[in-house]
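> Sharing a structure here in C-alpha cells format.
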Amino acid sequence: MTVEGALRGAAPHLLLDSLRTSLAHLYAAACVDLLLIDYGRTTLRPVEPVQAPAGMPHSPVDAGPAGRVFHTQQPYLFRDVGPTATVCLPVTVRGDRLGVLVVGLPADRATPETTASLARVAETLGHALRVADRHTDLYRRTRRTRPLSVAGEMQWDALPGRACAGPAFDLHAHWEPAYTSGGHLLDWSVTEGELQLVVADGAGPGTPAALVSALALTAVRNARRAGLDLVAQASLTDQALYGQYRGRHALAALLLRLDPADGRAEAVDAGSPTLWRIRGAGTERIELDRQLPLGMFEDTVYTTQCLDLLPGDRLVFVADGTGDPPSDGRHEAPDGPVARAVAATGRLSGADAPAAVVRALRETSPGAPEGVLVLCLDWHGHRPGPPGAGRDGEPAASPPSP
C-alpha cells in the first residue's frame, strides 16, 4: 500500500502512527515526528500520537533545522553523528504552513531522491491533516501553548486559515492576540475567474465581538455562495447585523474582488480597515471613499470602487479595531506608525510580512490597540513557466508516490 493509501485509511487521530509504520517499511526510518506551528506562531510543537511515545521537544520557530525549514519551505537534510541522517520537510497546504515533518533515516538511505520522495509524503500528510482535523481535537490541542478563550476558539473555528496560494497570487494573514482575540473577521474564496476576500476590524474584545463577527462572516459567505456581487454581499451582511443589533454593533469592513486574468479589482469600503500598496520601492496608502460600516443603519446603499494591480504589487490590509491606524502620540500623520511598519516589510516574504507588521504596531507604538489583523496579498500576475513549476510550499517537481 502507498503512503497516501495508508494515510487515507488511518483513523484521524492515528495519522502519525500510520506514517511511522509506512516510512519504517519503505525507508527503514528509525523515527518520524510531526511538529505543528502553534496559534501564536512562536513554536513548533510535536504531535504525540496515541500509540507511540513522545517524540521531539518543542522547537522555537526562529531557530534550529525545523525552524529553518518552516521559514524557507525547502527540505533540509543533515548528517547526524554516527550512521544516521535527519530530513526536515515542510508540511504545507496551498501556501498555508502547518508545520514540519522530521524523519530519521540510515545514512545510506539519505539521498536526494529519498528527500524528494519524502517531500511528496509531507505534502500528502498536509492534505490528510486538513481532513482529519474535522474529526479529532488532537492536532488543535497540539497547537496550543496555553488555553484559548471562548472568543478565540470561535474565531479559529470560523476563519479559513492563515494563507492561500494560487498561480497568480499569495495570500498570508496574521493576527494577535492569537489566544484571546475573537473579534477579527477574515475570509476568502478562490475560483478560476476570481479571488474574493473580506477583512473587517474587530467589534471589540471578547465573546460579544466574536458573535458579531460570526454573524457577519456567515452572512458574507451566504451571499457569496449564492453568486451575489460585492454590493449585494455588503447589503445582506448590513441587513443581518442591523436586524440583530439595531446599530449597536457595526462592523468596519473591506470587501474586494480580484480578476486573476488582468489584476483588475473592485472593492466595497464599508468604513474599512486601512489598505496599503507596496509597488517597487514605494509604499502608499490607498484612499478609498469610505462608506458606512456594516450594520450601522438600516438599508444602507453601497457602491464599488475600482483599482488596478501590476505584477509585483503587494496589498497590505491593516485591521486594528478602530478603522484608523494607531498613533504613537507624536507630531506626525496619524498613520505614521503603520506606514513605517508596512514599508519595513517590503523585502520580507509574504508569509513573514503580516506578523512583522502586527508585532511592530503592538510592540513599538504606545497606545496601539490590543488586537491587530494584517493580511498581505502579493500579486504576481500570470507568469509563464514549465509544467510543474513549484509555488510556496510545493516541490518544483512531484516525484512518484512511494
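Lettering and numbering for the C-alpha cells are positional, with chains as A, B, ... in the shown order, residues counted from 1 in each chain, and ligands counted from 1 in the shown order.
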Give me the residues within 10 Å of region 135-138 of chain A as an MDAnalysis selection string, counting only C-alpha atoms and dropping any in the same chain fewer than 3 places off.

chainID A and resid 11:14 47:50 130:132 141:143

> Output C-alpha atoms for every residue in the selection just made, as a compact mmCIF listing (two decimals), in the first residue's frame.


```txt
# COMPACT_ATOMS: atom_id res chain seq x y z
CA ALA A 11 -8.13 6.89 11.87
CA PRO A 12 -7.94 10.70 12.13
CA HIS A 13 -6.01 10.61 15.41
CA LEU A 14 -3.60 7.91 14.15
CA VAL A 47 2.16 15.74 17.87
CA GLU A 48 2.01 12.98 20.45
CA PRO A 49 0.06 10.12 18.88
CA VAL A 50 -1.91 7.67 20.95
CA ARG A 130 -6.77 19.12 6.88
CA VAL A 131 -9.37 16.36 6.60
CA ALA A 132 -8.53 14.68 9.91
CA ARG A 141 -4.61 20.60 21.20
CA THR A 142 -1.07 20.27 19.92
CA ARG A 143 -1.09 23.81 18.55
```

> Taking only region 82-300 of chain A into account, list the residues labelled strand (DSSP E or B) by DSSP (computed from the backbone), as JSON, numbers by chain.

{"A": [84, 85, 86, 87, 88, 89, 90, 91, 92, 93, 96, 97, 98, 99, 100, 101, 102, 103, 104, 105, 106, 163, 164, 165, 166, 169, 170, 171, 172, 173, 174, 175, 176, 185, 186, 187, 188, 189, 190, 195, 196, 197, 198, 199, 200, 251, 253, 254, 255, 256, 257, 258, 264, 265, 266, 267, 268, 269, 270, 274, 275, 276, 277, 278, 279, 282, 283, 284, 285, 291, 294]}

> Leaving out Glu284 (chain A) and any residue of its chain fewer than 6 positions from it, which residues lie within 10 Å of it when counting only C-alpha atoms, given as a ChimeraX atom specification?

/A:275-278,315,339,342-343

> Write out the residues from the selection above, keeping N, CA and C atoms, as a JSON list (two decimals), in the first residue's frame.


```
[["chain", "number", "residue", "atom", "x", "y", "z"],
["A", 275, "LEU", "N", -5.86, 50.25, 3.82],
["A", 275, "LEU", "CA", -5.30, 49.47, 2.73],
["A", 275, "LEU", "C", -4.06, 50.18, 2.21],
["A", 276, "TRP", "N", -2.98, 49.42, 2.10],
["A", 276, "TRP", "CA", -1.70, 49.96, 1.67],
["A", 276, "TRP", "C", -1.19, 49.17, 0.46],
["A", 277, "ARG", "N", -0.42, 49.86, -0.37],
["A", 277, "ARG", "CA", 0.18, 49.19, -1.52],
["A", 277, "ARG", "C", 1.67, 49.46, -1.54],
["A", 278, "ILE", "N", 2.43, 48.36, -1.71],
["A", 278, "ILE", "CA", 3.88, 48.46, -1.93],
["A", 278, "ILE", "C", 4.11, 48.16, -3.41],
["A", 315, "LEU", "N", -0.50, 44.27, -1.66],
["A", 315, "LEU", "CA", -1.53, 44.97, -0.90],
["A", 315, "LEU", "C", -1.47, 44.51, 0.55],
["A", 339, "ALA", "N", 2.45, 53.16, 8.50],
["A", 339, "ALA", "CA", 3.20, 53.36, 7.25],
["A", 339, "ALA", "C", 4.62, 52.83, 7.39],
["A", 342, "VAL", "N", 4.52, 48.93, 7.59],
["A", 342, "VAL", "CA", 4.28, 48.30, 6.29],
["A", 342, "VAL", "C", 5.50, 48.44, 5.38],
["A", 343, "ALA", "N", 6.07, 49.64, 5.32],
["A", 343, "ALA", "CA", 7.22, 49.88, 4.44],
["A", 343, "ALA", "C", 8.41, 49.00, 4.81]]
```

> At a cut-off of 12 Å, using only C-alpha atoms, what residues contact Gly82 (chain A)? Leave out same-chain residues fewer than 4 positions from it and give the result as a PDB file with N, CA and C atoms, in the first residue's frame.


```
ATOM      1  N   PHE A  78      20.410  16.751   6.919  1.00  0.00           N
ATOM      2  CA  PHE A  78      21.687  16.922   7.606  1.00  0.00           C
ATOM      3  C   PHE A  78      22.122  15.598   8.232  1.00  0.00           C
ATOM      4  N   THR A  86      19.041  12.985   9.267  1.00  0.00           N
ATOM      5  CA  THR A  86      17.711  13.516   9.562  1.00  0.00           C
ATOM      6  C   THR A  86      17.270  14.414   8.416  1.00  0.00           C
ATOM      7  N   LEU A 105      16.714   8.695   9.246  1.00  0.00           N
ATOM      8  CA  LEU A 105      16.999   7.629   8.282  1.00  0.00           C
ATOM      9  C   LEU A 105      18.399   7.061   8.497  1.00  0.00           C
ATOM     10  N   PRO A 106      18.625   5.822   8.040  1.00  0.00           N
ATOM     11  CA  PRO A 106      20.012   5.350   7.938  1.00  0.00           C
ATOM     12  C   PRO A 106      20.769   6.233   6.944  1.00  0.00           C
ATOM     13  N   ALA A 107      22.013   6.492   7.219  1.00  0.00           N
ATOM     14  CA  ALA A 107      22.784   7.425   6.388  1.00  0.00           C
ATOM     15  C   ALA A 107      22.826   6.994   4.932  1.00  0.00           C
ATOM     16  N   ASP A 108      22.864   5.679   4.691  1.00  0.00           N
ATOM     17  CA  ASP A 108      22.962   5.244   3.302  1.00  0.00           C
ATOM     18  C   ASP A 108      21.650   5.384   2.544  1.00  0.00           C
TER      19      ASP A 108
END
```

> From the list A:Val91, A:Met1, A:Ala66, A:Val81, which residue is nearest Thr43 (chain A) when using only C-alpha atoms?

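Residue with the minimum atom-to-atom distance to Thr43 (chain A): A:Ala66.
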
> Which residues come within 12 Å of region 299-301 of chain A, counting only C-alpha atoms, excluding same-chain residues fewer than 5 positions away, as a ChimeraX atom specification?

/A:230-243,246-247,268-270,291-294

> Need to verify the contact set: Arg162 (chain A), 9 Å, only C-alpha atoms, exclusion of same-chain residues closer than 6 positions in sequence. Can you return it as a list in words?

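Contacts, with the query itself left out: Gly95, Asp96, Arg97, Leu171, His172, Ala173, His174 and Leu375 of chain A.
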
> Considering only C-alpha atoms, can you say which of A:Arg68, A:Arg359, A:Arg45, A:His184 comes closest to Ala253 (chain A)?

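Ranking A:Arg68, A:Arg359, A:Arg45, A:His184 by distance to Ala253 (chain A), first place goes to A:His184.
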
> If you run DSSP on the backbone, which residues of region 173-221 of chain A are helix (DSSP H, G or I), as number ranges by chain?

A: 206-221

> What does the distance between CA of Gly371 (chain A) and CA of Thr180 (chain A) come to in Å, to one decimal place?

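Result for CA of Gly371 (chain A) versus CA of Thr180 (chain A): 9.2 Å, one decimal.
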
> Would you please work out which residue, of A:Asp38, A:Asp33, A:Glu266, A:Asp170, is nearest to Leu98 (chain A) when using only C-alpha atoms?

A:Asp38

> Suppose you want the space between CA of Gly381 (chain A) and CA of Trp188 (chain A); what is it in Å?

18.2 Å

> For Asp187 (chain A), work out the shell of residues within 12 Å, counting only C-alpha atoms and skipping chain neighbours fewer than 6 positions away, then give it as a VMD selection string.

chain A and resid 155 to 156 158 to 164 171 to 173 195 to 200 213 to 214 216 to 221 224 253 to 257 375

> For CA of Ala203 (chain A) and CA of Tyr39 (chain A), determine how far apart the two atoms are, in Å to one decimal place.

21.1 Å

> Identify which of the residues A:Ala356, A:Leu361, A:Leu77, A:Leu23 lies closest to Asp335 (chain A), counting only C-alpha atoms when measuring atom-to-atom distances.

A:Leu361
